[in-house]
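Have a look at data.txt; it's compact mmCIF, C-alpha atoms:
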# COMPACT_ATOMS: atom_id res chain seq x y z
CA MET A 1 4.47 -17.35 7.83
CA THR A 2 5.65 -20.02 5.41
CA ALA A 3 8.87 -19.15 3.61
CA LEU A 4 8.63 -18.16 -0.01
CA PRO A 5 10.34 -20.14 -2.77
CA SER A 6 14.10 -19.62 -2.73
CA ALA A 7 15.49 -16.74 -4.74
CA VAL A 8 19.16 -17.65 -4.41
CA ALA A 9 20.51 -15.31 -7.06
CA ALA A 10 18.42 -12.31 -6.06
CA PRO A 11 19.93 -9.44 -4.08
CA PRO A 12 18.20 -8.53 -0.81
CA ALA A 13 15.08 -6.38 -1.14
CA PRO A 14 16.62 -3.17 0.30
CA GLN A 15 19.30 -3.40 -2.39
CA VAL A 16 16.62 -3.90 -5.06
CA LEU A 17 14.71 -0.87 -3.78
CA ASP A 18 17.87 1.25 -3.72
CA ARG A 19 18.81 0.28 -7.28
CA CYS A 20 15.38 1.15 -8.61
CA ARG A 21 15.23 4.38 -6.62
CA GLU A 22 18.55 5.53 -8.08
CA LEU A 23 17.26 4.84 -11.59
CA VAL A 24 13.98 6.71 -11.05
CA GLN A 25 15.05 9.60 -8.81
CA PRO A 26 16.40 11.96 -11.51
CA ALA A 27 13.21 11.66 -13.60
CA LEU A 28 11.01 12.05 -10.50
CA GLU A 29 12.87 15.20 -9.44
CA GLU A 30 12.64 16.59 -12.98
CA ALA A 31 8.88 15.99 -13.03
CA VAL A 32 8.31 17.64 -9.64
CA GLY A 33 10.45 20.56 -10.79
CA ARG A 34 7.85 21.34 -13.47
CA LEU A 35 5.19 22.11 -10.85
CA HIS A 36 4.27 25.55 -9.56
CA PRO A 37 7.07 26.38 -7.05
CA TRP A 38 4.76 26.32 -4.01
CA LEU A 39 3.18 23.04 -5.06
CA GLY A 40 6.60 21.68 -5.91
CA GLU A 41 7.81 22.54 -2.41
CA MET A 42 4.93 20.62 -0.82
CA ALA A 43 5.63 17.68 -3.10
CA ALA A 44 9.33 17.77 -2.22
CA TYR A 45 8.41 17.96 1.48
CA SER A 46 6.20 14.87 1.11
CA PHE A 47 9.07 12.99 -0.57
CA GLY A 48 11.44 13.99 2.26
CA TRP A 49 13.59 16.24 0.08
CA CYS A 50 13.07 19.53 1.95
CA GLU A 51 11.69 21.18 5.05
CA VAL A 52 8.80 23.65 5.13
CA GLY A 53 10.14 26.70 3.36
CA GLY A 54 12.21 24.67 0.91
CA THR A 55 15.44 24.11 2.83
CA PRO A 56 16.97 20.92 1.43
CA VAL A 57 17.02 17.95 3.79
CA ASP A 58 17.46 14.21 3.54
CA ALA A 59 14.45 13.05 5.58
CA PRO A 60 13.03 9.51 5.56
CA GLY A 61 10.91 8.88 2.49
CA GLY A 62 8.79 5.92 1.50
CA LYS A 63 10.20 2.53 0.58
CA GLY A 64 9.65 3.18 -3.12
CA VAL A 65 7.90 -0.16 -3.60
CA ARG A 66 5.65 0.96 -6.45
CA GLN A 67 8.42 2.53 -8.49
CA ALA A 68 10.51 -0.61 -7.97
CA LEU A 69 7.63 -2.78 -9.19
CA ALA A 70 7.38 -0.66 -12.33
CA VAL A 71 11.09 -1.03 -13.10
CA LEU A 72 11.02 -4.76 -12.35
CA GLY A 73 7.87 -5.19 -14.44
CA ALA A 74 9.68 -3.76 -17.46
CA GLU A 75 12.76 -5.90 -16.84
CA ALA A 76 10.72 -9.06 -16.24
CA ALA A 77 9.11 -8.50 -19.64
CA GLY A 78 12.55 -8.43 -21.25
CA ALA A 79 12.89 -4.66 -21.64
CA PRO A 80 15.70 -2.50 -20.23
CA ALA A 81 15.04 -0.86 -16.86
CA GLY A 82 14.79 2.54 -18.51
CA ALA A 83 11.61 1.48 -20.28
CA GLY A 84 9.84 1.42 -16.93
CA ILE A 85 10.97 4.80 -15.64
CA SER A 86 7.98 6.79 -16.91
CA ALA A 87 5.71 4.20 -15.31
CA ALA A 88 7.70 4.38 -12.09
CA VAL A 89 7.43 8.17 -11.94
CA ALA A 90 3.70 8.08 -12.65
CA VAL A 91 2.87 5.50 -9.98
CA GLU A 92 5.09 7.20 -7.39
CA LEU A 93 3.31 10.50 -8.04
CA VAL A 94 -0.11 8.84 -7.78
CA HIS A 95 0.85 7.03 -4.59
CA THR A 96 2.02 10.26 -2.98
CA PHE A 97 -1.13 12.06 -4.15
CA SER A 98 -3.21 9.35 -2.45
CA LEU A 99 -1.23 9.67 0.79
CA LEU A 100 -1.73 13.44 0.94
CA HIS A 101 -5.49 13.00 0.62
CA ASP A 102 -5.61 9.93 2.90
CA ASP A 103 -3.89 11.82 5.70
CA ILE A 104 -6.56 14.50 5.51
CA MET A 105 -9.42 11.98 5.46
CA ASP A 106 -7.96 10.01 8.37
CA GLY A 107 -6.90 13.07 10.38
CA ASP A 108 -3.33 11.74 10.63
CA GLU A 109 -0.94 14.41 11.86
CA THR A 110 2.37 12.60 11.31
CA ARG A 111 3.85 10.39 8.61
CA ARG A 112 7.38 8.98 8.75
CA ARG A 113 7.94 10.92 11.99
CA ARG A 114 7.27 14.30 10.34
CA ARG A 115 4.19 16.46 10.18
CA THR A 116 1.88 15.49 7.36
CA VAL A 117 1.55 17.97 4.52
CA TRP A 118 -1.86 19.20 5.67
CA LYS A 119 -0.51 19.87 9.16
CA ALA A 120 2.58 21.59 7.82
CA TYR A 121 0.93 23.69 5.10
CA GLY A 122 -2.82 23.57 5.71
CA THR A 123 -5.67 21.43 4.44
CA GLY A 124 -6.47 23.40 1.31
CA PRO A 125 -2.85 23.57 0.12
CA ALA A 126 -2.39 19.84 0.77
CA VAL A 127 -5.46 19.01 -1.33
CA LEU A 128 -4.15 21.22 -4.11
CA ALA A 129 -0.69 19.63 -3.93
CA GLY A 130 -2.29 16.20 -4.22
CA ASP A 131 -4.27 17.33 -7.25
CA ALA A 132 -1.08 18.67 -8.81
CA LEU A 133 0.71 15.35 -8.31
CA PHE A 134 -2.18 13.50 -9.93
CA ALA A 135 -2.16 15.85 -12.92
CA LEU A 136 1.60 15.45 -13.23
CA ALA A 137 1.26 11.66 -13.24
CA VAL A 138 -1.24 11.86 -16.10
CA GLU A 139 1.07 14.19 -18.04
CA THR A 140 4.02 11.86 -17.45
CA LEU A 141 2.18 8.90 -18.95
CA ALA A 142 0.55 10.88 -21.75
CA THR A 143 3.97 11.79 -23.14
CA ALA A 144 5.45 8.27 -22.79
CA PRO A 145 5.53 5.65 -25.55
CA ASP A 146 2.20 3.78 -25.54
CA GLY A 147 0.97 6.46 -23.16
CA ALA A 148 -2.67 5.91 -24.18
CA GLY A 149 -2.54 2.29 -23.07
CA GLY A 150 -0.76 3.31 -19.90
CA LEU A 151 -3.42 5.88 -19.07
CA ARG A 152 -6.17 3.28 -19.51
CA LEU A 153 -4.37 0.96 -17.12
CA LEU A 154 -3.78 3.71 -14.57
CA SER A 155 -7.37 4.97 -14.75
CA THR A 156 -8.69 1.47 -14.00
CA ALA A 157 -6.38 1.18 -10.99
CA LEU A 158 -7.39 4.62 -9.73
CA GLY A 159 -11.06 3.76 -10.02
CA ASP A 160 -10.46 0.62 -7.96
CA LEU A 161 -8.35 2.54 -5.44
CA VAL A 162 -11.08 5.13 -4.89
CA HIS A 163 -13.71 2.38 -4.62
CA GLY A 164 -11.62 0.62 -1.99
CA GLN A 165 -11.02 3.83 -0.08
CA ALA A 166 -14.76 4.59 -0.08
CA ASP A 167 -15.55 1.14 1.28
CA ASP A 168 -12.89 1.53 3.96
CA LEU A 169 -14.43 4.79 5.15
CA LEU A 170 -17.95 3.33 5.11
CA PHE A 171 -16.91 0.23 7.05
CA ALA A 172 -16.32 2.38 10.13
CA ALA A 173 -20.03 3.20 10.39
CA ARG A 174 -21.28 -0.37 10.03
CA PRO A 175 -22.13 -2.54 13.05
CA TRP A 176 -19.89 -5.27 14.43
CA THR A 177 -22.62 -7.92 14.17
CA GLY A 178 -25.91 -8.54 12.39
CA PRO A 179 -26.94 -8.46 8.72
CA GLN A 180 -25.14 -5.16 8.06
CA ARG A 181 -21.80 -6.27 9.49
CA VAL A 182 -18.68 -6.16 7.34
CA ARG A 183 -17.90 -9.63 6.02
CA PRO A 184 -14.39 -10.98 5.31
CA ASP A 185 -15.04 -11.20 1.55
CA GLU A 186 -16.00 -7.51 1.51
CA TYR A 187 -12.78 -6.73 3.33
CA ARG A 188 -10.72 -8.66 0.77
CA ALA A 189 -12.31 -6.65 -2.04
CA MET A 190 -11.62 -3.41 -0.18
CA ALA A 191 -7.96 -4.36 0.38
CA GLU A 192 -7.51 -5.28 -3.29
CA GLY A 193 -8.80 -1.87 -4.34
CA LYS A 194 -7.20 0.30 -1.69
CA THR A 195 -3.80 -1.42 -1.56
CA GLY A 196 -3.56 -3.96 -4.37
CA ALA A 197 -4.79 -1.97 -7.36
CA LEU A 198 -1.86 0.44 -7.51
CA LEU A 199 0.70 -2.30 -6.74
CA GLY A 200 -0.70 -4.35 -9.62
CA CYS A 201 -0.79 -1.33 -11.89
CA SER A 202 2.84 -0.53 -11.05
CA ALA A 203 4.21 -3.86 -12.26
CA ALA A 204 1.81 -4.05 -15.20
CA LEU A 205 2.49 -0.49 -16.32
CA GLY A 206 6.24 -1.08 -16.41
CA ALA A 207 5.67 -4.19 -18.51
CA LEU A 208 3.26 -2.38 -20.83
CA LEU A 209 5.68 0.48 -21.51
CA GLY A 210 8.38 -2.17 -22.00
CA GLY A 211 6.38 -3.67 -24.87
CA ALA A 212 5.03 -6.76 -23.11
CA PRO A 213 2.06 -8.65 -24.61
CA PRO A 214 -1.37 -8.27 -22.95
CA ALA A 215 -1.16 -11.65 -21.18
CA THR A 216 2.05 -10.64 -19.43
CA VAL A 217 0.65 -7.25 -18.45
CA ALA A 218 -2.46 -8.90 -17.01
CA ALA A 219 -0.43 -11.51 -15.10
CA LEU A 220 1.73 -8.87 -13.44
CA ASP A 221 -1.36 -6.86 -12.55
CA ARG A 222 -2.87 -9.95 -10.87
CA ALA A 223 0.36 -10.65 -9.03
CA GLY A 224 0.51 -7.10 -7.68
CA ARG A 225 -3.11 -7.16 -6.56
CA HIS A 226 -2.59 -10.38 -4.62
CA LEU A 227 0.57 -8.90 -3.14
CA GLY A 228 -1.46 -5.89 -1.98
CA ILE A 229 -4.01 -8.08 -0.21
CA ALA A 230 -1.28 -10.13 1.48
CA PHE A 231 0.49 -6.94 2.54
CA GLN A 232 -2.73 -5.55 4.06
CA LEU A 233 -3.46 -8.80 5.90
CA VAL A 234 0.01 -8.85 7.43
CA ASP A 235 -0.44 -5.19 8.34
CA ASP A 236 -3.66 -6.14 10.13
CA VAL A 237 -1.85 -8.73 12.24
CA LEU A 238 0.90 -6.25 13.12
CA GLY A 239 -1.73 -3.62 13.93
CA ILE A 240 -2.95 -5.80 16.80
CA TRP A 241 0.00 -7.95 17.87
CA GLY A 242 3.04 -6.22 16.37
CA ASP A 243 6.05 -5.18 18.41
CA PRO A 244 5.96 -1.37 18.81
CA ALA A 245 9.76 -1.30 18.57
CA VAL A 246 9.45 -2.73 15.06
CA THR A 247 6.19 -1.22 13.81
CA GLY A 248 6.54 2.22 15.40
CA LYS A 249 2.89 1.93 16.47
CA PRO A 250 1.41 1.18 19.91
CA VAL A 251 0.50 -2.42 20.67
CA HIS A 252 -3.20 -3.14 20.01
CA GLY A 253 -3.35 0.16 18.10
CA ASP A 254 -5.95 -1.01 15.58
CA LEU A 255 -8.21 -2.20 18.38
CA ARG A 256 -7.97 1.13 20.18
CA GLU A 257 -9.03 2.80 16.94
CA ARG A 258 -11.82 0.21 16.58
CA LYS A 259 -10.77 -0.70 13.05
CA LYS A 260 -12.64 -3.51 11.32
CA THR A 261 -9.58 -5.46 10.23
CA PHE A 262 -9.50 -9.02 8.90
CA PRO A 263 -8.54 -10.75 12.20
CA VAL A 264 -11.45 -9.02 13.94
CA LEU A 265 -13.96 -9.79 11.19
CA THR A 266 -12.90 -13.44 11.06
CA ALA A 267 -13.18 -13.77 14.84
CA LEU A 268 -16.63 -12.18 14.77
CA SER A 269 -17.74 -14.86 12.32
CA ALA A 270 -16.85 -17.60 14.84
CA PRO A 271 -19.31 -19.09 17.34
CA GLY A 272 -19.70 -17.14 20.58
CA ALA A 273 -18.59 -13.84 19.07
CA ARG A 274 -21.26 -11.76 20.81
CA TYR A 275 -19.11 -11.07 23.89
CA LEU A 276 -16.24 -9.96 21.66
CA ALA A 277 -18.58 -7.62 19.79
CA THR A 278 -19.73 -6.13 23.11
CA LEU A 279 -16.13 -5.51 24.16
CA LEU A 280 -15.29 -3.89 20.82
CA GLU A 281 -18.36 -1.69 20.98
CA SER A 282 -17.59 -0.55 24.53
CA GLY A 283 -13.95 0.29 23.84
CA ALA A 284 -12.84 -1.97 26.72
CA GLU A 285 -9.19 -2.78 27.42
CA PRO A 286 -7.89 -3.96 24.02
CA ALA A 287 -5.64 -6.65 25.48
CA VAL A 288 -8.75 -8.65 26.41
CA SER A 289 -10.21 -8.28 22.91
CA ALA A 290 -6.86 -9.24 21.36
CA GLY A 291 -6.85 -12.45 23.40
CA LEU A 292 -10.40 -13.33 22.37
CA ILE A 293 -9.64 -12.64 18.71
CA GLU A 294 -6.64 -14.96 18.85
CA GLU A 295 -8.63 -17.66 20.68
CA ALA A 296 -11.36 -17.43 18.01
CA GLY A 297 -8.75 -18.05 15.30
CA GLY A 298 -8.56 -14.52 13.91
CA ARG A 299 -4.79 -14.35 13.82
CA THR A 300 -4.34 -17.85 12.39
CA ALA A 301 -7.01 -17.31 9.73
CA THR A 302 -5.47 -14.00 8.66
CA LEU A 303 -1.99 -15.47 8.22
CA ALA A 304 -3.46 -18.43 6.33
CA GLU A 305 -5.30 -16.01 4.03
CA ALA A 306 -2.08 -14.07 3.46
CA ARG A 307 -0.33 -17.32 2.48
CA ARG A 308 -3.07 -18.05 -0.04
CA HIS A 309 -2.51 -14.70 -1.71
CA ILE A 310 1.27 -15.20 -1.71
CA ALA A 311 0.69 -18.50 -3.50
CA ALA A 312 -1.56 -16.66 -5.97
CA VAL A 313 1.31 -14.25 -6.69
CA GLU A 314 3.52 -17.21 -7.54
CA THR A 315 0.84 -18.71 -9.76
CA ALA A 316 0.46 -15.45 -11.68
CA LEU A 317 4.22 -15.10 -12.18
CA ALA A 318 4.54 -18.71 -13.33
CA GLY A 319 1.73 -18.40 -15.86
CA VAL A 320 3.59 -16.29 -18.42
CA PRO A 321 7.18 -16.23 -19.75
CA LEU A 322 9.23 -13.76 -17.70
CA ASP A 323 12.96 -13.11 -17.33
CA ALA A 324 14.23 -15.08 -14.33
CA GLY A 325 16.49 -12.43 -12.79
CA PRO A 326 13.86 -9.69 -12.38
CA VAL A 327 11.32 -12.27 -11.20
CA ASP A 328 13.73 -13.38 -8.48
CA GLU A 329 14.03 -9.74 -7.45
CA LEU A 330 10.23 -9.51 -7.37
CA ARG A 331 10.17 -12.54 -5.07
CA SER A 332 12.79 -10.93 -2.85
CA LEU A 333 10.63 -7.84 -2.63
CA LEU A 334 7.55 -9.94 -1.86
CA GLU A 335 9.35 -11.68 1.00
CA PHE A 336 10.44 -8.33 2.38
CA LEU A 337 6.94 -6.87 2.28
CA VAL A 338 5.00 -9.73 3.82
CA ARG A 339 7.41 -11.12 6.42
CA ARG A 340 7.95 -8.03 8.59
CA ASP A 341 8.95 -9.98 11.71
CA LEU A 342 5.86 -12.14 11.99

Before we go any further, please render this structure as structure tokens.
Amino acid sequence: MTALPSAVAAPPAPQVLDRCRELVQPALEEAVGRLHPWLGEMAAYSFGWCEVGGTPVDAPGGKGVRQALAVLGAEAAGAPAGAGISAAVAVELVHTFSLLHDDIMDGDETRRRRRTVWKAYGTGPAVLAGDALFALAVETLATAPDGAGGLRLLSTALGDLVHGQADDLLFAARPWTGPQRVRPDEYRAMAEGKTGALLGCSAALGALLGGAPPATVAALDRAGRHLGIAFQLVDDVLGIWGDPAVTGKPVHGDLRERKKTFPVLTALSAPGARYLATLLESGAEPAVSAGLIEEAGGRTATLAEARRHIAAVETALAGVPLDAGPVDELRSLLEFLVRRDL
């Protein structure tokens, strides 16, 4: 992966994430504390704050990327970090709501080395907890300055996220080859909705609540959407060829699950792909399929596509006036998200 433009003055991404998390955490805890106690416990469990039953614990949580983007979006627009906190809380709540429901749809039993909420509490309670987090996100924005504009932005992102999730579920039932096969451009659109929409909304929402003009809000939304696609593409490469010691997932995991990821779809578009399609359909030893995908250019094409979207992030950031320091931190975060030991 080609190195990103230098961000000499920027702190490393983990430090950026920690700074933003410390700013947002009190407001996020206060918001969750307004929920029904049972729903609040499930929310706290999903954030890694407690065990089942409510016993406090410091378990691994998420990276906090979306809340960091919201804070940095406000700062990049020239506002103080505090102007982005309501946005950060709202997007973190929405992200967690989506994970609770995604785990149920995908049948995933663990997340961050703990039982998922539906396995720990039951399917119905997990759905209800997700609904509560979504409602809390809406309430958080509705009471913020320029909340109406923020809600419009969030609702657009949520519509795109749901559209992308629906496509992702439907892709599984489509054939590997033929007129009904999933094409790479369809996959890009799915990744933008499922992964990019909320990342774009996060940065844009922070800028909006920080008083940024529409052009700046739109540019940050575009940057986040391209970041989401690049992130998903890199994830696809790691899902086939990643080191299990780094990813925490088995090698060739995506092939074993027969996922229609970008490297696979690109390889299937190459000449002589029929044998590869037969192997994928039969569930044969994934190492053979992985080799064929690489020989057909699937890995190279995916990394090249990721680089194009990274360049598009830079173009979006350069197209409007933004404060240099927060933009350097955004670049540091981008590097952190898309490198991941490729």

_as a count of residues only, please: the residues near region 253-256 of chain A (cut-off 7 Å, all atoms listed in the file, same-chain neighbours under 5 positions excluded)._
3

Determine, using only C-alpha atoms, which residues of region 34-79 of chain A have any atom at most 7 Å from an atom of region 17-23 of chain A, and tabulate each with its shortest atom pair and distance in Å to one decimal place, rows ordered by chain and then rising number, as JSON lines.
{"residue": "A:Gly64", "atom": "CA", "partner": "A:Leu17", "partner_atom": "CA", "distance": 6.5}
{"residue": "A:Val65", "atom": "CA", "partner": "A:Leu17", "partner_atom": "CA", "distance": 6.8}
{"residue": "A:Ala68", "atom": "CA", "partner": "A:Cys20", "partner_atom": "CA", "distance": 5.2}
{"residue": "A:Val71", "atom": "CA", "partner": "A:Cys20", "partner_atom": "CA", "distance": 6.6}

*Please provide the set of residues having any atom within 6 Å of region 202-205 of chain A, restricted to only C-alpha atoms, with same-chain residues fewer than 5 positions apart removed, written as JSON, numbers by chain.*
{"A": [66, 69, 70, 73, 87, 217, 220, 221]}

Save out the residues we just selected, C-alpha atoms, as an mmCIF file, keeping the file's coordinate frame.
data_model
loop_
_atom_site.group_PDB
_atom_site.id
_atom_site.type_symbol
_atom_site.label_atom_id
_atom_site.label_comp_id
_atom_site.auth_asym_id
_atom_site.auth_seq_id
_atom_site.Cartn_x
_atom_site.Cartn_y
_atom_site.Cartn_z
ATOM 1 C CA ARG A 66 5.650 0.960 -6.450
ATOM 2 C CA LEU A 69 7.630 -2.780 -9.190
ATOM 3 C CA ALA A 70 7.380 -0.660 -12.330
ATOM 4 C CA GLY A 73 7.870 -5.190 -14.440
ATOM 5 C CA ALA A 87 5.710 4.200 -15.310
ATOM 6 C CA VAL A 217 0.650 -7.250 -18.450
ATOM 7 C CA LEU A 220 1.730 -8.870 -13.440
ATOM 8 C CA ASP A 221 -1.360 -6.860 -12.550
#

Which residues of region 112-228 of chain A sit at most 8 Å from region 317-333 of chain A, using all atoms listed in the file? Give each one's shortest atom pair and distance in Å (one decimal place), in chain and ascending residue order, as a Markdown table.
| residue | atom | partner | partner_atom | distance |
| --- | --- | --- | --- | --- |
| A:Ala215 | CA | A:Val320 | CA | 7.2 |
| A:Thr216 | CA | A:Val320 | CA | 5.9 |
| A:Ala219 | CA | A:Leu317 | CA | 6.6 |
| A:Leu220 | CA | A:Leu317 | CA | 6.8 |
| A:Ala223 | CA | A:Leu317 | CA | 6.7 |

How about saving the chosen residues, C-alpha atoms kept, as a CSV table (one decimal), in the frame of the given file?
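And here is the file that came out, again_20.csv:
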chain,number,residue,atom,x,y,z
A,215,ALA,CA,-1.2,-11.6,-21.2
A,216,THR,CA,2.0,-10.6,-19.4
A,219,ALA,CA,-0.4,-11.5,-15.1
A,220,LEU,CA,1.7,-8.9,-13.4
A,223,ALA,CA,0.4,-10.6,-9.0

*Closest to Asp160 (chain A) among A:Leu198, A:Ala172, A:Ile229, A:Ala76, using only C-alpha atoms?*
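Comparing A:Leu198, A:Ala172, A:Ile229, A:Ala76 against Asp160 (chain A), the winner is A:Leu198.
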
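Of the listed residues A:Leu334, A:Ile104, A:Leu154, A:Ala83, the one whose atoms come nearest to Phe134 (chain A) is A:Leu154, with distances taken using only C-alpha atoms.
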
*Tell me which protein, DNA and RNA residues are within 8 Å of Gly228 (chain A), counting all atoms listed in the file, leaving out same-chain ones fewer than 6 positions away, and put them as number ranges by chain.*
A: 191-192, 195-197, 199-200

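Distance-wise, CA of Thr96 (chain A) and CA of Ala43 (chain A) end up 8.3 Å apart.
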
*Between CA of Leu72 (chain A) and CA of Pro11 (chain A), what is the spacing in Å?*
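These two atoms are separated by 13.0 Å.
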
*Which polymer residues, protein or nucleic acid, are no farther than 10 Å from (-5.0, -12.9, 16.3), counting all atoms listed in the file, as number ranges by chain?*
A: 236-238, 240-241, 262-264, 266-267, 289-303

_Between CA of Val89 (chain A) and CA of Ala148 (chain A), what distance in Å does the model show, to one decimal?_
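If I compute the distance from CA of Val89 (chain A) to CA of Ala148 (chain A), I get 16.0 Å.
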
*Would you please work out which residue, of A:Phe336, A:Tyr121, A:Trp49, A:Phe97, is nearest to Val234 (chain A) when using all atoms listed in the file?*
A:Phe336

*12 Å contact set for Ala284 (chain A), only C-alpha atoms, chain neighbours under 4 positions out, as a ChimeraX atom specification*: /A:252,255-258,275-280,288-290

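Nearest residue to Ala166 (chain A), choosing from A:Lys194, A:Arg113, A:Arg339, A:Arg308 and counting all atoms listed in the file: A:Lys194.
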
_Show me, as a PyMOL selection string, the residues that have an atom within 12 Å of Ser155 (chain A) when counting all atoms listed in the file, minus same-chain residues fewer than 2 positions from it._
chain A and resi 90-91+94+134+137-138+141+147-153+157-162+197-198+201+205

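Among the candidates A:Pro37, A:Gly206, A:Pro26, A:Pro175, the residue lying nearest to Leu265 (chain A) is A:Pro175 (atoms considered: all atoms listed in the file).
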
Any chance you could build region 294-301 of chain A out to all heavy atoms and write it as an mmCIF file, in the frame of the given file?
data_model
loop_
_atom_site.group_PDB
_atom_site.id
_atom_site.type_symbol
_atom_site.label_atom_id
_atom_site.label_comp_id
_atom_site.auth_asym_id
_atom_site.auth_seq_id
_atom_site.Cartn_x
_atom_site.Cartn_y
_atom_site.Cartn_z
ATOM 1 N N GLU A 294 -7.595 -13.879 19.113
ATOM 2 C CA GLU A 294 -6.640 -14.960 18.850
ATOM 3 C C GLU A 294 -7.261 -16.317 19.182
ATOM 4 O O GLU A 294 -7.111 -17.273 18.402
ATOM 5 C CB GLU A 294 -5.373 -14.740 19.669
ATOM 6 C CG GLU A 294 -4.268 -15.715 19.329
ATOM 7 C CD GLU A 294 -2.881 -15.161 19.570
ATOM 8 O OE1 GLU A 294 -2.752 -14.155 20.298
ATOM 9 O OE2 GLU A 294 -1.920 -15.739 19.030
ATOM 10 N N GLU A 295 -7.978 -16.410 20.307
ATOM 11 C CA GLU A 295 -8.630 -17.660 20.680
ATOM 12 C C GLU A 295 -9.668 -18.092 19.631
ATOM 13 O O GLU A 295 -9.852 -19.287 19.373
ATOM 14 C CB GLU A 295 -9.330 -17.519 22.032
ATOM 15 C CG GLU A 295 -8.379 -17.445 23.216
ATOM 16 C CD GLU A 295 -9.121 -17.173 24.513
ATOM 17 O OE1 GLU A 295 -10.358 -17.339 24.542
ATOM 18 O OE2 GLU A 295 -8.460 -16.772 25.493
ATOM 19 N N ALA A 296 -10.341 -17.121 19.021
ATOM 20 C CA ALA A 296 -11.360 -17.430 18.010
ATOM 21 C C ALA A 296 -10.751 -17.751 16.645
ATOM 22 O O ALA A 296 -11.476 -18.031 15.689
ATOM 23 C CB ALA A 296 -12.329 -16.256 17.874
ATOM 24 N N GLY A 297 -9.425 -17.690 16.553
ATOM 25 C CA GLY A 297 -8.750 -18.050 15.300
ATOM 26 C C GLY A 297 -8.515 -16.901 14.352
ATOM 27 O O GLY A 297 -8.101 -17.121 13.206
ATOM 28 N N GLY A 298 -8.720 -15.659 14.811
ATOM 29 C CA GLY A 298 -8.560 -14.520 13.910
ATOM 30 C C GLY A 298 -7.156 -14.344 13.386
ATOM 31 O O GLY A 298 -6.952 -14.069 12.196
ATOM 32 N N ARG A 299 -6.176 -14.503 14.244
ATOM 33 C CA ARG A 299 -4.790 -14.350 13.820
ATOM 34 C C ARG A 299 -4.386 -15.465 12.858
ATOM 35 O O ARG A 299 -3.801 -15.219 11.798
ATOM 36 C CB ARG A 299 -3.871 -14.321 15.036
ATOM 37 C CG ARG A 299 -2.399 -14.138 14.713
ATOM 38 C CD ARG A 299 -1.584 -13.962 15.983
ATOM 39 N NE ARG A 299 -0.192 -13.695 15.705
ATOM 40 C CZ ARG A 299 0.668 -13.219 16.590
ATOM 41 N NH1 ARG A 299 0.260 -12.936 17.816
ATOM 42 N NH2 ARG A 299 1.923 -13.015 16.269
ATOM 43 N N THR A 300 -4.693 -16.709 13.233
ATOM 44 C CA THR A 300 -4.340 -17.850 12.390
ATOM 45 C C THR A 300 -4.998 -17.765 11.019
ATOM 46 O O THR A 300 -4.362 -18.009 9.990
ATOM 47 C CB THR A 300 -4.758 -19.159 13.086
ATOM 48 O OG1 THR A 300 -4.077 -19.255 14.344
ATOM 49 C CG2 THR A 300 -4.428 -20.362 12.230
ATOM 50 N N ALA A 301 -6.279 -17.400 11.001
ATOM 51 C CA ALA A 301 -7.010 -17.310 9.730
ATOM 52 C C ALA A 301 -6.433 -16.214 8.845
ATOM 53 O O ALA A 301 -6.362 -16.370 7.619
ATOM 54 C CB ALA A 301 -8.492 -17.057 9.995
#
